[in-house]
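**Student:** Take a look at this one; I'll ask things after.
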Amino acid sequence: MRIRVGTAGLPRLAQGKGYLRGLKMLRQLGLDLLEIEFVRGVTLSEREAEEVGKLACRLDVMLTIHAPYYVNFCSEKVSVREQSYERVKTCLRYSKILNARYVVVHAGYYMSYGPSRCKRIIVEYMRRLAKYIDEEDVPARIAVETMGKDEQFGTLDEIIDVCTEVGIGYVVPCIDWAHIYLRNRGHIDYVQVLSLVRSRLPDLRELHMHFTGLTLDSGKLDDQHDVIDTDRPPLRPLAEALYLFRNQFNEVSIVCESPLLERDALKIKRVISEVFSCRDSLGKT
Ligand SMILES: [Zn+2]
C-alpha cells in the first residue's frame with residue numbers, strides 16, 4: 001500500500017510564494033500530496049493550473065481539490081442547489097486541467113428535508129455530475145466528506161450509501177477522521193471505520209482522508225482545527241489500523257489540515273513509518 005501524505009493548501013513556509021515554488025518546497029520536505037483549496041472559490045487561472053498540473057506530475061505529487069464551502073445540495077432553494085452543482089462542476093473541470101485525483105465536497109445540511117430526502121437529492125446531483133464526468137472525460141472522482149456536525153449530511157453510512165448508488169467510479173468517501181471523532185463525541189475506532197468501508201465498498205482500492213487535531217472549547221470538543229499533538233483524535237492508532245489494512249488498499253492519501261500544516265504532515269508520515277517498520281520487523285522475527 002502506498003501512503004501519500006500532504007497538506008491542505010501550500011505548506012506554511014511556501015505561502016505567498018505561488019503554487020510552482022510551493023510544490024517544489026512541498027516535495028523537498030518529503031511530502032507527495034497537495035490538496036488545492038478552492039474553498040472560497042477558484043484561485044488559479046486555467047493556464048496556471050496547467051503549469052501546476054505538469055509540475056506536480058513531474059515531481060510525483062498527487063493533487064486533489066477541495067471544492068468551495070458554499071455548497072449545499074440540500075438547500076430548500078433551487079438556486080442554491082444549482083449554484084452548488086456549478087461550483088463542483090467547475091472544480092471537476094479544473095481537476096482535468098490539474099490532473100487532480102479527487103474533488104472533495106461537503107455535500108450539505110439536512111435543513112428541513114431531513115436525512116433520507118437529503119440523501120435522495122444528493123444522489124440525484126451526484127448522478128448529474130457523474131454524467132458530466134463521463135461526457136468531459138474527467139479523471140477525478142468526487143470525494144464526499146464525512147462531516148462533524150449533527151445537522152450536516154455526512155455520517156460514514158450516508159456517504160457510503162451515496163457512493164453505492166452512484167458508483168465508486170464517480171463518487172468515493174473522503175474520510176475526515178476529526179469529523180468522525182467529533183460526531184462520535186470524542187470517540188473513534190479506526191479499525192471499525194476501515195472495516196465498514198472495506199465491507200460495504202469491496203472494490204474500492206484507494207482511500208482519501210483528512211487528518212487534524214481539534215480544539216476543546218470550555219471542555220467541549222469543537223470543530224476548530226488544532227495541532228495533532230492534542231491527540232484529539234489520536235494519530236498512532238490510525239497508523240496501526242492502516243497497517244492492519246495494508247493489503248486491502250493500493251493507495252491511501254492523507255491530507256493534514258492542522259494549523260501546523262507541514263510540521264504535522266511530516267509527523268503523520270513519521271508515525272506511520274515507525275508503526276509500519278516496527279510491525280514489519282516484528283513479523284520477520
Ligand atoms: Zn473539508
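Chain identifiers are assigned as A, B, and so on, following the order in which chains appear in the C-alpha cells; residues are numbered from 1 within each chain, and ligands are numbered from 1 in order of appearance.
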Which residues, written as a list in words, have at least one atom at most 9 Å from segment 256-271 of chain A, with only C-alpha atoms counted and residues fewer than 6 positions away on the same chain left out?

**Tutor:**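 Within the cut-off, the hits are Ile3, Arg4, Val5, Gly6, Thr7, Ala8, Gly9, Leu10, Pro11, Arg12, Leu13, Leu26, Leu29, Gly30, Leu31, Met209, His210, Phe211, Thr212, Gly213, Leu214, His225, Asp226, Val227, Ile228, Asp229, Leu235, Arg236 and Ala239 of chain A.
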
**Student:** Convert the current residue selection to file output with C-alpha atoms, as a short mmCIF file (atom, residue, chain, number, x, y, z; two decimals), in the first residue's frame.

**Tutor:**
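Output contents, as saved in again-v7.cif:
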```cif
data_model
loop_
_atom_site.label_atom_id
_atom_site.label_comp_id
_atom_site.auth_asym_id
_atom_site.auth_seq_id
_atom_site.Cartn_x
_atom_site.Cartn_y
_atom_site.Cartn_z
CA ILE A 3 0.63 6.10 1.60
CA ARG A 4 0.79 9.67 0.41
CA VAL A 5 0.82 12.50 2.92
CA GLY A 6 0.44 16.19 2.20
CA THR A 7 -1.07 19.48 3.20
CA ALA A 8 -4.39 21.28 2.82
CA GLY A 9 -3.15 24.21 0.79
CA LEU A 10 0.52 25.05 0.34
CA PRO A 11 2.85 24.40 3.29
CA ARG A 12 3.14 27.40 5.61
CA LEU A 13 6.68 28.15 4.59
CA LEU A 26 6.45 20.56 -0.52
CA LEU A 29 10.03 18.49 2.63
CA GLY A 30 9.33 14.88 1.67
CA LEU A 31 5.59 15.23 1.08
CA MET A 209 -8.51 11.03 4.16
CA HIS A 210 -8.23 14.25 6.14
CA PHE A 211 -6.49 14.41 9.49
CA THR A 212 -6.19 17.19 12.09
CA GLY A 213 -6.43 17.73 15.83
CA LEU A 214 -9.46 19.52 17.27
CA HIS A 225 -8.65 22.66 13.94
CA ASP A 226 -5.74 22.26 16.32
CA VAL A 227 -2.31 20.64 16.23
CA ILE A 228 -2.01 16.86 16.11
CA ASP A 229 -0.26 16.79 19.49
CA LEU A 235 -2.73 9.56 15.49
CA ARG A 236 -0.89 6.36 16.40
CA ALA A 239 -1.22 4.25 11.79
#
```

**Student:** Sorted by chain and rising residue number, which residues of chain A lie within 8 Å of ligand 1, and what are their closest atom pairs and distances in Å to one decimal, counting only C-alpha atoms and all ligand atoms, as a Markdown table?

**Tutor:**
```
| residue | atom | partner | partner_atom_place_in_ligand_line | distance |
| --- | --- | --- | --- | --- |
| A:His66 | CA | ligand 1 | 1 (Zn) | 6.7 |
| A:Tyr69 | CA | ligand 1 | 1 (Zn) | 7.8 |
| A:Val104 | CA | ligand 1 | 1 (Zn) | 6.7 |
| A:Val105 | CA | ligand 1 | 1 (Zn) | 6.7 |
| A:His106 | CA | ligand 1 | 1 (Zn) | 6.1 |
| A:Glu145 | CA | ligand 1 | 1 (Zn) | 6.3 |
| A:Met147 | CA | ligand 1 | 1 (Zn) | 7.9 |
| A:Asp176 | CA | ligand 1 | 1 (Zn) | 7.5 |
| A:His210 | CA | ligand 1 | 1 (Zn) | 7.7 |
```

**Student:** List every residue of segment 181-253 of chain A that DSSP, applied to the backbone of this structure, places in strand (DSSP E or B), and write the result as a PyMOL selection string.

**Tutor:** chain A and resi 206-211+213-217+220-226+251-253

**Student:** Only C-alpha atoms, please: the residues just picked out, written as an mmCIF file, in the first residue's frame.

**Tutor:**
```cif
data_model
loop_
_atom_site.group_PDB
_atom_site.id
_atom_site.type_symbol
_atom_site.label_atom_id
_atom_site.label_comp_id
_atom_site.auth_asym_id
_atom_site.auth_seq_id
_atom_site.Cartn_x
_atom_site.Cartn_y
_atom_site.Cartn_z
ATOM 1 C CA GLU A 206 -7.798 3.918 -2.973
ATOM 2 C CA LEU A 207 -8.886 5.859 0.058
ATOM 3 C CA HIS A 208 -8.682 9.608 0.626
ATOM 4 C CA MET A 209 -8.512 11.034 4.156
ATOM 5 C CA HIS A 210 -8.232 14.252 6.141
ATOM 6 C CA PHE A 211 -6.494 14.407 9.490
ATOM 7 C CA GLY A 213 -6.429 17.734 15.835
ATOM 8 C CA LEU A 214 -9.456 19.515 17.266
ATOM 9 C CA THR A 215 -9.717 22.194 19.958
ATOM 10 C CA LEU A 216 -11.603 21.993 23.223
ATOM 11 C CA ASP A 217 -13.928 24.921 23.884
ATOM 12 C CA LYS A 220 -16.320 20.638 24.815
ATOM 13 C CA LEU A 221 -14.913 19.289 21.563
ATOM 14 C CA ASP A 222 -15.061 21.921 18.854
ATOM 15 C CA ASP A 223 -14.854 21.923 15.048
ATOM 16 C CA GLN A 224 -11.829 24.284 15.167
ATOM 17 C CA HIS A 225 -8.645 22.663 13.944
ATOM 18 C CA ASP A 226 -5.739 22.260 16.321
ATOM 19 C CA GLU A 251 -3.178 3.685 -2.035
ATOM 20 C CA VAL A 252 -4.147 5.879 0.897
ATOM 21 C CA SER A 253 -3.826 9.662 0.667
#
```

**Student:** Could I get the residues of segment 65-140 of chain A with an atom no further than 10 Å from an atom of segment 41-53 of chain A, each paired with its nearest atom pair and that distance in Å to one decimal, using only C-alpha atoms, sorted by chain and residue number, as a tab-separated table?

**Tutor:**
```
residue	atom	partner	partner_atom	distance
A:Ile65	CA	A:Val42	CA	9.8
A:His66	CA	A:Gly41	CA	9.7
A:Ala67	CA	A:Gly41	CA	7.7
A:Pro68	CA	A:Gly41	CA	5.6
A:Tyr69	CA	A:Gly41	CA	8.6
A:Tyr70	CA	A:Gly41	CA	8.8
A:Arg87	CA	A:Gly41	CA	8.1
A:Thr90	CA	A:Val42	CA	8.3
A:Cys91	CA	A:Val42	CA	7.7
A:Arg93	CA	A:Glu46	CA	9.6
A:Tyr94	CA	A:Glu46	CA	7.3
A:Ser95	CA	A:Ala49	CA	9.0
A:Lys96	CA	A:Gly53	CA	9.1
A:Ile97	CA	A:Glu50	CA	5.5
A:Leu98	CA	A:Gly53	CA	4.1
A:Asn99	CA	A:Gly53	CA	5.9
A:Ala100	CA	A:Gly53	CA	7.7
```

**Student:** For Gly167 of chain A, which residue out of A:Asp189, A:Asp137, A:Asp203, A:Glu240 is the nearest one, using only C-alpha atoms?

**Tutor:**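 So, comparing all the options, the nearest one is A:Asp203.
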